[in-house]
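Raw query22.csv, CSV, C-alpha atoms:
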chain,number,residue,atom,x,y,z
A,5,MET,CA,-70.7,-101.9,-50.3
A,6,LYS,CA,-71.5,-105.5,-49.9
A,7,ASN,CA,-67.8,-106.4,-49.6
A,8,ARG,CA,-67.3,-103.8,-46.9
A,9,LEU,CA,-70.3,-105.2,-45.0
A,10,PHE,CA,-69.1,-108.7,-45.3
A,11,LEU,CA,-65.6,-107.7,-44.1
A,12,SER,CA,-67.1,-105.9,-41.1
A,13,LEU,CA,-69.2,-108.9,-40.2
A,14,ALA,CA,-66.3,-111.2,-40.5
A,15,ALA,CA,-64.1,-109.0,-38.4
A,16,PHE,CA,-66.8,-108.9,-35.7
A,17,ALA,CA,-67.2,-112.7,-35.8
A,18,LEU,CA,-63.5,-113.2,-35.4
A,19,SER,CA,-63.4,-110.7,-32.5
A,20,ALA,CA,-66.3,-112.4,-30.8
A,21,THR,CA,-64.6,-115.8,-31.2
A,22,ALA,CA,-61.4,-114.5,-29.7
A,23,MET,CA,-63.2,-113.0,-26.7
A,24,ALA,CA,-65.2,-116.2,-26.2
A,25,GLN,CA,-62.2,-118.4,-25.5
A,26,GLN,CA,-62.4,-120.5,-22.4
A,27,PRO,CA,-59.7,-120.4,-19.8
A,28,LYS,CA,-56.4,-122.2,-20.3
A,29,ALA,CA,-55.8,-125.6,-18.7
A,30,GLY,CA,-54.8,-125.3,-15.1
A,31,THR,CA,-56.9,-122.2,-14.4
A,32,ILE,CA,-58.9,-121.9,-11.2
A,33,SER,CA,-61.7,-119.3,-11.2
A,34,ILE,CA,-64.3,-117.9,-8.9
A,35,ILE,CA,-67.7,-117.1,-10.5
A,36,PRO,CA,-70.4,-115.2,-8.5
A,37,ARG,CA,-73.8,-115.7,-10.0
A,38,VAL,CA,-77.4,-114.3,-9.8
A,39,GLY,CA,-80.4,-115.4,-11.6
A,40,LEU,CA,-84.0,-116.8,-11.6
A,41,SER,CA,-85.3,-120.1,-10.5
A,42,MET,CA,-88.5,-121.5,-12.0
A,43,SER,CA,-89.8,-124.5,-10.1
A,44,THR,CA,-92.7,-126.8,-9.7
A,45,LEU,CA,-93.7,-130.0,-7.9
A,46,PRO,CA,-95.2,-132.2,-10.7
A,47,ASN,CA,-98.6,-133.8,-10.0
A,48,ASP,CA,-98.7,-132.2,-6.6
A,49,GLU,CA,-102.3,-131.2,-5.5
A,50,ILE,CA,-104.0,-129.6,-2.5
A,51,ILE,CA,-107.5,-130.4,-1.4
A,52,ALA,CA,-108.9,-127.3,0.2
A,53,VAL,CA,-110.7,-127.5,3.6
A,54,ASP,CA,-114.4,-128.2,3.1
A,55,ALA,CA,-113.8,-129.1,-0.5
A,56,ILE,CA,-115.1,-132.3,-2.1
A,57,ASP,CA,-112.9,-133.6,-4.9
A,58,THR,CA,-111.6,-130.1,-5.7
A,59,PRO,CA,-107.9,-130.5,-6.1
A,60,LEU,CA,-105.8,-127.4,-6.7
A,61,SER,CA,-103.1,-128.4,-9.2
A,62,SER,CA,-99.4,-127.2,-9.0
A,63,ARG,CA,-98.0,-124.5,-11.3
A,64,TYR,CA,-94.5,-123.0,-11.8
A,65,ARG,CA,-93.3,-120.2,-9.6
A,66,THR,CA,-90.4,-117.9,-10.2
A,67,THR,CA,-88.0,-116.7,-7.5
A,68,PHE,CA,-84.5,-115.3,-7.0
A,69,MET,CA,-81.3,-117.5,-6.8
A,70,GLY,CA,-77.7,-116.5,-6.1
A,71,GLY,CA,-74.4,-117.9,-5.2
A,72,VAL,CA,-70.9,-118.7,-6.3
A,73,ASP,CA,-68.9,-121.3,-8.3
A,74,ILE,CA,-65.3,-122.5,-8.1
A,75,ASP,CA,-64.2,-123.7,-11.5
A,76,TYR,CA,-61.1,-125.7,-12.4
A,77,GLN,CA,-60.1,-126.0,-16.1
A,78,PHE,CA,-58.3,-129.3,-16.0
A,79,LEU,CA,-58.0,-129.8,-19.8
A,80,PRO,CA,-58.3,-127.4,-22.7
A,81,ASN,CA,-61.9,-128.3,-23.4
A,82,TYR,CA,-63.0,-129.6,-20.0
A,83,SER,CA,-63.6,-128.1,-16.6
A,84,VAL,CA,-65.2,-129.1,-13.3
A,85,THR,CA,-67.3,-126.7,-11.2
A,86,LEU,CA,-68.4,-126.9,-7.6
A,87,GLY,CA,-71.0,-124.3,-6.5
A,88,ALA,CA,-73.1,-123.2,-3.6
A,89,TYR,CA,-76.4,-121.3,-4.1
A,90,TYR,CA,-79.4,-120.1,-2.2
A,91,ALA,CA,-82.6,-120.9,-4.0
A,92,GLN,CA,-86.3,-121.2,-3.2
A,93,HIS,CA,-88.2,-124.0,-4.9
A,94,GLY,CA,-91.8,-125.3,-4.6
A,95,CYS,CA,-94.7,-124.2,-6.6
A,96,ASN,CA,-97.9,-122.1,-6.9
A,97,TYR,CA,-101.4,-123.6,-7.0
A,98,LYS,CA,-104.5,-122.7,-8.8
A,99,ASN,CA,-107.0,-120.4,-7.0
A,100,SER,CA,-110.2,-121.9,-5.8
A,101,GLN,CA,-113.6,-120.9,-4.5
A,102,VAL,CA,-115.2,-123.7,-2.4
A,103,GLN,CA,-118.9,-123.8,-1.7
A,104,ASN,CA,-119.6,-124.8,1.9
A,105,SER,CA,-123.4,-124.9,2.1
A,106,THR,CA,-126.5,-123.9,0.1
A,107,THR,CA,-129.9,-122.9,1.4
A,108,SER,CA,-132.9,-121.3,-0.2
A,109,SER,CA,-131.7,-117.9,0.7
A,110,SER,CA,-127.9,-117.9,0.6
A,111,THR,CA,-124.8,-119.6,-0.4
A,112,SER,CA,-121.6,-119.5,1.8
A,113,GLY,CA,-118.1,-120.6,1.1
A,114,THR,CA,-114.4,-119.9,1.2
A,115,GLY,CA,-112.1,-118.5,-1.4
A,116,TYR,CA,-108.4,-119.6,-1.5
A,117,SER,CA,-105.9,-117.5,-3.4
A,118,ASP,CA,-102.1,-116.9,-3.7
A,119,LEU,CA,-101.4,-120.5,-2.7
A,120,SER,CA,-97.8,-121.5,-2.8
A,121,THR,CA,-95.4,-124.0,-1.3
A,122,GLN,CA,-92.1,-122.3,-0.6
A,123,LEU,CA,-89.1,-124.5,0.1
A,124,ASP,CA,-85.7,-122.8,0.9
A,125,TYR,CA,-82.5,-124.6,0.0
A,126,ILE,CA,-78.7,-124.2,-0.1
A,127,ASN,CA,-77.9,-126.1,-3.3
A,128,ILE,CA,-74.4,-127.6,-3.9
A,129,PRO,CA,-74.0,-128.6,-7.6
A,130,LEU,CA,-71.0,-130.5,-9.0
A,131,THR,CA,-70.9,-130.3,-12.8
A,132,LEU,CA,-68.6,-131.4,-15.6
A,133,ASN,CA,-68.4,-128.8,-18.4
A,134,ALA,CA,-67.4,-129.9,-21.9
A,135,TYR,CA,-66.6,-127.0,-24.4
A,136,ILE,CA,-68.0,-127.8,-27.9
A,137,ALA,CA,-67.1,-124.4,-29.4
A,138,PRO,CA,-65.2,-121.4,-28.1
A,139,GLY,CA,-67.0,-120.2,-25.0
A,140,LEU,CA,-69.9,-122.7,-25.4
A,141,ALA,CA,-70.2,-125.6,-23.0
A,142,VAL,CA,-72.6,-128.4,-22.3
A,143,LYS,CA,-72.8,-129.5,-18.6
A,144,ALA,CA,-74.2,-132.3,-16.5
A,145,GLY,CA,-73.6,-133.4,-12.9
A,146,VAL,CA,-75.2,-134.0,-9.6
A,147,GLN,CA,-76.7,-131.5,-7.0
A,148,MET,CA,-77.3,-131.9,-3.3
A,149,GLY,CA,-79.9,-129.6,-1.8
A,150,LEU,CA,-79.7,-128.8,2.0
A,151,ALA,CA,-83.2,-127.9,3.2
A,152,LEU,CA,-83.4,-124.7,5.3
A,153,SER,CA,-87.1,-124.2,5.8
A,154,GLY,CA,-90.5,-124.7,4.1
A,155,LYS,CA,-94.0,-123.3,4.4
A,156,LEU,CA,-97.4,-123.4,2.7
A,157,LYS,CA,-98.9,-119.9,2.3
A,158,TYR,CA,-102.3,-118.8,1.1
A,159,THR,CA,-105.0,-116.2,1.5
A,160,MET,CA,-108.4,-117.3,2.8
A,161,THR,CA,-111.6,-115.3,2.3
A,162,LYS,CA,-115.0,-116.3,3.6
A,163,TYR,CA,-118.0,-115.2,1.5
A,164,THR,CA,-121.8,-115.2,1.4
A,165,LYS,CA,-124.1,-114.7,-1.6
A,166,ASN,CA,-127.7,-113.7,-1.2
A,167,ASP,CA,-130.7,-114.4,-3.5
A,168,ASP,CA,-129.8,-111.4,-5.6
A,169,GLY,CA,-126.3,-112.8,-6.3
A,170,GLU,CA,-124.5,-110.2,-4.3
A,171,PHE,CA,-121.1,-111.2,-3.1
A,172,ALA,CA,-120.2,-110.3,0.5
A,173,PRO,CA,-116.7,-111.3,1.4
A,174,THR,CA,-115.1,-111.0,4.9
A,175,GLN,CA,-111.7,-109.6,5.6
A,176,PRO,CA,-109.0,-111.8,3.8
A,177,GLU,CA,-106.9,-113.8,6.2
A,178,GLU,CA,-103.3,-114.6,5.3
A,179,VAL,CA,-102.3,-118.1,6.5
A,180,SER,CA,-98.8,-119.6,6.8
A,181,GLN,CA,-98.1,-123.2,7.8
A,182,LYS,CA,-94.6,-124.5,8.4
A,183,LEU,CA,-93.5,-127.6,6.6
A,184,ASN,CA,-90.1,-128.0,8.4
A,185,ASN,CA,-91.1,-131.2,10.2
A,186,THR,CA,-92.1,-133.0,7.0
A,187,MET,CA,-89.3,-131.8,4.7
A,188,LYS,CA,-86.5,-134.1,3.9
A,189,SER,CA,-83.2,-132.6,5.1
A,190,VAL,CA,-81.3,-133.5,1.9
A,191,CYS,CA,-82.5,-133.8,-1.7
A,192,PHE,CA,-80.6,-134.8,-4.8
A,193,SER,CA,-81.1,-133.8,-8.4
A,194,ILE,CA,-79.4,-134.1,-11.8
A,195,PRO,CA,-78.7,-130.7,-13.5
A,196,VAL,CA,-78.1,-130.6,-17.2
A,197,GLY,CA,-77.6,-127.4,-19.3
A,198,LEU,CA,-75.6,-125.1,-21.5
A,199,SER,CA,-73.5,-122.0,-20.8
A,200,TYR,CA,-71.9,-119.4,-23.0
A,201,GLU,CA,-69.0,-117.2,-22.0
A,202,PHE,CA,-68.1,-113.8,-23.5
A,203,SER,CA,-65.6,-111.4,-22.1
A,204,ASN,CA,-65.7,-113.2,-18.7
A,205,VAL,CA,-69.5,-112.9,-18.5
A,206,ILE,CA,-71.2,-116.4,-18.4
A,207,ILE,CA,-74.8,-117.0,-19.2
A,208,ASP,CA,-75.9,-120.3,-17.8
A,209,ALA,CA,-79.2,-122.2,-18.3
A,210,ARG,CA,-79.9,-125.6,-16.5
A,211,TYR,CA,-82.8,-128.0,-15.9
A,212,HIS,CA,-82.8,-130.0,-12.7
A,213,PHE,CA,-84.4,-133.4,-12.5
A,214,GLY,CA,-85.3,-134.2,-8.9
A,215,LEU,CA,-84.2,-137.7,-7.7
A,216,THR,CA,-85.6,-137.7,-4.2
A,217,PRO,CA,-89.0,-136.5,-2.7
A,218,VAL,CA,-89.0,-133.1,-1.0
A,219,GLN,CA,-91.3,-134.4,1.8
A,220,GLN,CA,-92.2,-137.6,3.6
A,221,ILE,CA,-95.2,-138.0,6.0
A,222,GLY,CA,-95.3,-141.6,7.3
A,223,ASP,CA,-95.4,-143.9,4.2
A,224,TYR,CA,-96.4,-141.0,2.0
A,225,LYS,CA,-93.6,-139.7,-0.2
A,226,GLY,CA,-94.1,-136.3,-1.7
A,227,PRO,CA,-93.3,-135.0,-5.2
A,228,LYS,CA,-89.8,-134.3,-6.5
A,229,ASN,CA,-88.5,-130.9,-7.5
A,230,ARG,CA,-88.4,-129.9,-11.1
A,231,VAL,CA,-86.5,-126.7,-11.6
A,232,PHE,CA,-85.2,-124.5,-14.5
A,233,THR,CA,-82.6,-121.9,-13.7
A,234,ILE,CA,-81.1,-119.1,-15.8
A,235,SER,CA,-78.2,-117.0,-14.4
A,236,ALA,CA,-75.5,-114.6,-15.2
A,237,GLY,CA,-72.0,-114.8,-13.7
A,238,TYR,CA,-68.6,-113.2,-14.0
A,239,ARG,CA,-65.4,-115.1,-14.0
A,240,PHE,CA,-62.5,-114.0,-11.8
A,241,ALA,CA,-59.4,-116.1,-12.7
A,242,LEU,CA,-57.0,-116.7,-9.8
Write out the structure in this file as structure tokens.
Amino acid sequence: MKNRLFLSLAAFALSATAMAQQPKAGTISIIPRVGLSMSTLPNDEIIAVDAIDTPLSSRYRTTFMGGVDIDYQFLPNYSVTLGAYYAQHGCNYKNSQVQNSTTSSSTSGTGYSDLSTQLDYINIPLTLNAYIAPGLAVKAGVQMGLALSGKLKYTMTKYTKNDDGEFAPTQPEEVSQKLNNTMKSVCFSIPVGLSYEFSNVIIDARYHFGLTPVQQIGDYKGPKNRVFTISAGYRFAL
């Protein structure tokens, strides 16, 4: 029984290895991809209106990404890939409740929730892929991000508390502020990661180190994007 199990596992491993072979040298492929982008703006903070030393720190946000690669296998274990993707970067922020004024009878203030910076890009990565095992590649390169639009969104709710501690909010107001005038039109980053290919399906994971600020207002230079992406693609050899 043990021998049969061992032989079955060995046969499966050999089959998987055979199916995980990378393309032959000289192959050009088109690889459509879809996936998730998890981004943040490290050390970015927002000071809410009427707040005194109440920074709202940045957090990761998760959004959709999608696009296509053109891959050229120029050596048996090396290929180069040029891609184009739509992705939304930026970050979420911690919610806050800011006290505006206090009297003997009531407390009033403003609540801020669902805060996010949303930055839309067309990303163009150029990566070198080195296969270290059948179907398994490490990759690194450079990426240019073309800014499409940007906005800061949040929900603002006024509130009043009486002496009994009852909370009386007003109707929440959704606010959207455009950031197009302050966004840098081009951003650069360094993507590094791994991919694994099995039966033409490619699972790809990358981390992107931002090199240039996403915003500039006068002498102030904003934070740099930090992005983790995971995607699935399918190889169509030409």
Can you write out as a Markdown table which residues of range 163-206 of chain A fall within 10 Å of range 114-122 of chain A, alongside each residue's closest atom pair and its distance in Å to one decimal, counting only C-alpha atoms and ordering rows by chain and ascending residue number?
| residue | atom | partner | partner_atom | distance |
| --- | --- | --- | --- | --- |
| A:Tyr163 | CA | A:Thr114 | CA | 5.9 |
| A:Thr164 | CA | A:Thr114 | CA | 8.8 |
| A:Pro173 | CA | A:Thr114 | CA | 8.9 |
| A:Thr174 | CA | A:Thr114 | CA | 9.7 |
| A:Pro176 | CA | A:Gly115 | CA | 9.0 |
| A:Glu177 | CA | A:Tyr116 | CA | 9.8 |
| A:Glu178 | CA | A:Asp118 | CA | 9.4 |
| A:Val179 | CA | A:Leu119 | CA | 9.6 |
| A:Ser180 | CA | A:Thr121 | CA | 9.8 |
| A:Gln181 | CA | A:Thr121 | CA | 9.5 |
| A:Lys182 | CA | A:Gln122 | CA | 9.6 |
| A:Leu183 | CA | A:Thr121 | CA | 8.9 |
The distance between CA of Leu198 in chain A and CA of Ala144 in chain A is 8.9 Å
| message | Given all atoms listed in the file as the basis, pick out the residue of A:Arg230, A:Lys165, A:Lys28, A:His212 nearest to Thr44 in chain A. | response |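 Between A:Arg230, A:Lys165, A:Lys28, A:His212, the residue approaching Thr44 in chain A most closely is A:Arg230.
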One residue among A:Tyr90, A:Gln219, A:Pro138, A:Gly113 is nearest to Gly154 in chain A when using only C-alpha atoms, and that residue is A:Gln219
Who sits within 9 Å of Val190 in chain A, all atoms listed in the file, same chain under 5 positions skipped, as JSON, numbers by chain: {"A": [148, 149, 150, 151, 216, 218]}
Contacts of Ser193 in chain A at 10 Å or less, counting only C-alpha atoms, minus same-chain residues fewer than 4 places along, as number ranges by chain?
-> A: 127, 129, 145-149, 211-216, 228-231
Choose the residue, out of A:Tyr224, A:Phe202, A:Tyr64, A:Phe78, that has the smallest atom-to-atom separation from Lys98 in chain A; count only C-alpha atoms.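 Of A:Tyr224, A:Phe202, A:Tyr64, A:Phe78, the one nearest Lys98 in chain A, counting only C-alpha atoms, is A:Tyr64.
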Neighbour residues at most 12 Å from (-95.2, -138.7, 7.2) (all atoms listed in the file) as a list in words
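Here the neighbourhood of the point contains Leu183, Asn184, Asn185, Thr186, Met187, Lys188, Pro217, Val218, Gln219, Gln220, Ile221, Gly222, Asp223, Tyr224, Lys225 and Gly226 of chain A.
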Store the residues picked out above in a file with C-alpha atoms, as a short mmCIF file (atom, residue, chain, number, x, y, z; two decimals), keeping the file's coordinate frame.
data_model
loop_
_atom_site.label_atom_id
_atom_site.label_comp_id
_atom_site.auth_asym_id
_atom_site.auth_seq_id
_atom_site.Cartn_x
_atom_site.Cartn_y
_atom_site.Cartn_z
CA LEU A 183 -93.50 -127.60 6.60
CA ASN A 184 -90.10 -128.00 8.40
CA ASN A 185 -91.10 -131.20 10.20
CA THR A 186 -92.10 -133.00 7.00
CA MET A 187 -89.30 -131.80 4.70
CA LYS A 188 -86.50 -134.10 3.90
CA PRO A 217 -89.00 -136.50 -2.70
CA VAL A 218 -89.00 -133.10 -1.00
CA GLN A 219 -91.30 -134.40 1.80
CA GLN A 220 -92.20 -137.60 3.60
CA ILE A 221 -95.20 -138.00 6.00
CA GLY A 222 -95.30 -141.60 7.30
CA ASP A 223 -95.40 -143.90 4.20
CA TYR A 224 -96.40 -141.00 2.00
CA LYS A 225 -93.60 -139.70 -0.20
CA GLY A 226 -94.10 -136.30 -1.70
#
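Counting all atoms listed in the file and comparing A:Pro59, A:Pro46, A:Gly94, A:Gly30, the residue that lies closest to Pro80 in chain A is A:Gly30.
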Using all atoms listed in the file, which protein or nucleic acid residues come within 12 Å of Gly70 in chain A? Drop anything in the same chain fewer than 6 positions from it, and give the result as a list of chain:residue names.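 So, after excluding close chain neighbours, the residues are A:Ile35, A:Pro36, A:Arg37, A:Val38, A:Gly39, A:Leu40, A:Ser41, A:Gly87, A:Ala88, A:Tyr89, A:Tyr90, A:Ala91, A:Gln92, A:Tyr125, A:Ile126, A:Asn127, A:Ile128, A:Thr233, A:Ile234, A:Ser235, A:Ala236, A:Gly237.
With all atoms listed in the file as the basis for measurement, A:Cys95 is the residue among A:Ala141, A:Cys95, A:Met42, A:Ile206 that approaches Lys155 in chain A most closely.
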Mind giving me the straight-line distance from CA of Tyr158 in chain A to CA of Asp48 in chain A in Å, one decimal?
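These atoms are spaced 15.9 Å apart.
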Residue with the minimum atom-to-atom distance to Thr161 in chain A, picked from A:Ala137, A:Thr85, A:Gln175, A:Ser189 with all atoms listed in the file counted, is A:Gln175
CA of Val205 in chain A to CA of Thr31 in chain A: how many Å, to one decimal?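 Straight-line distance from CA of Val205 in chain A to CA of Thr31 in chain A works out to 16.2 Å.
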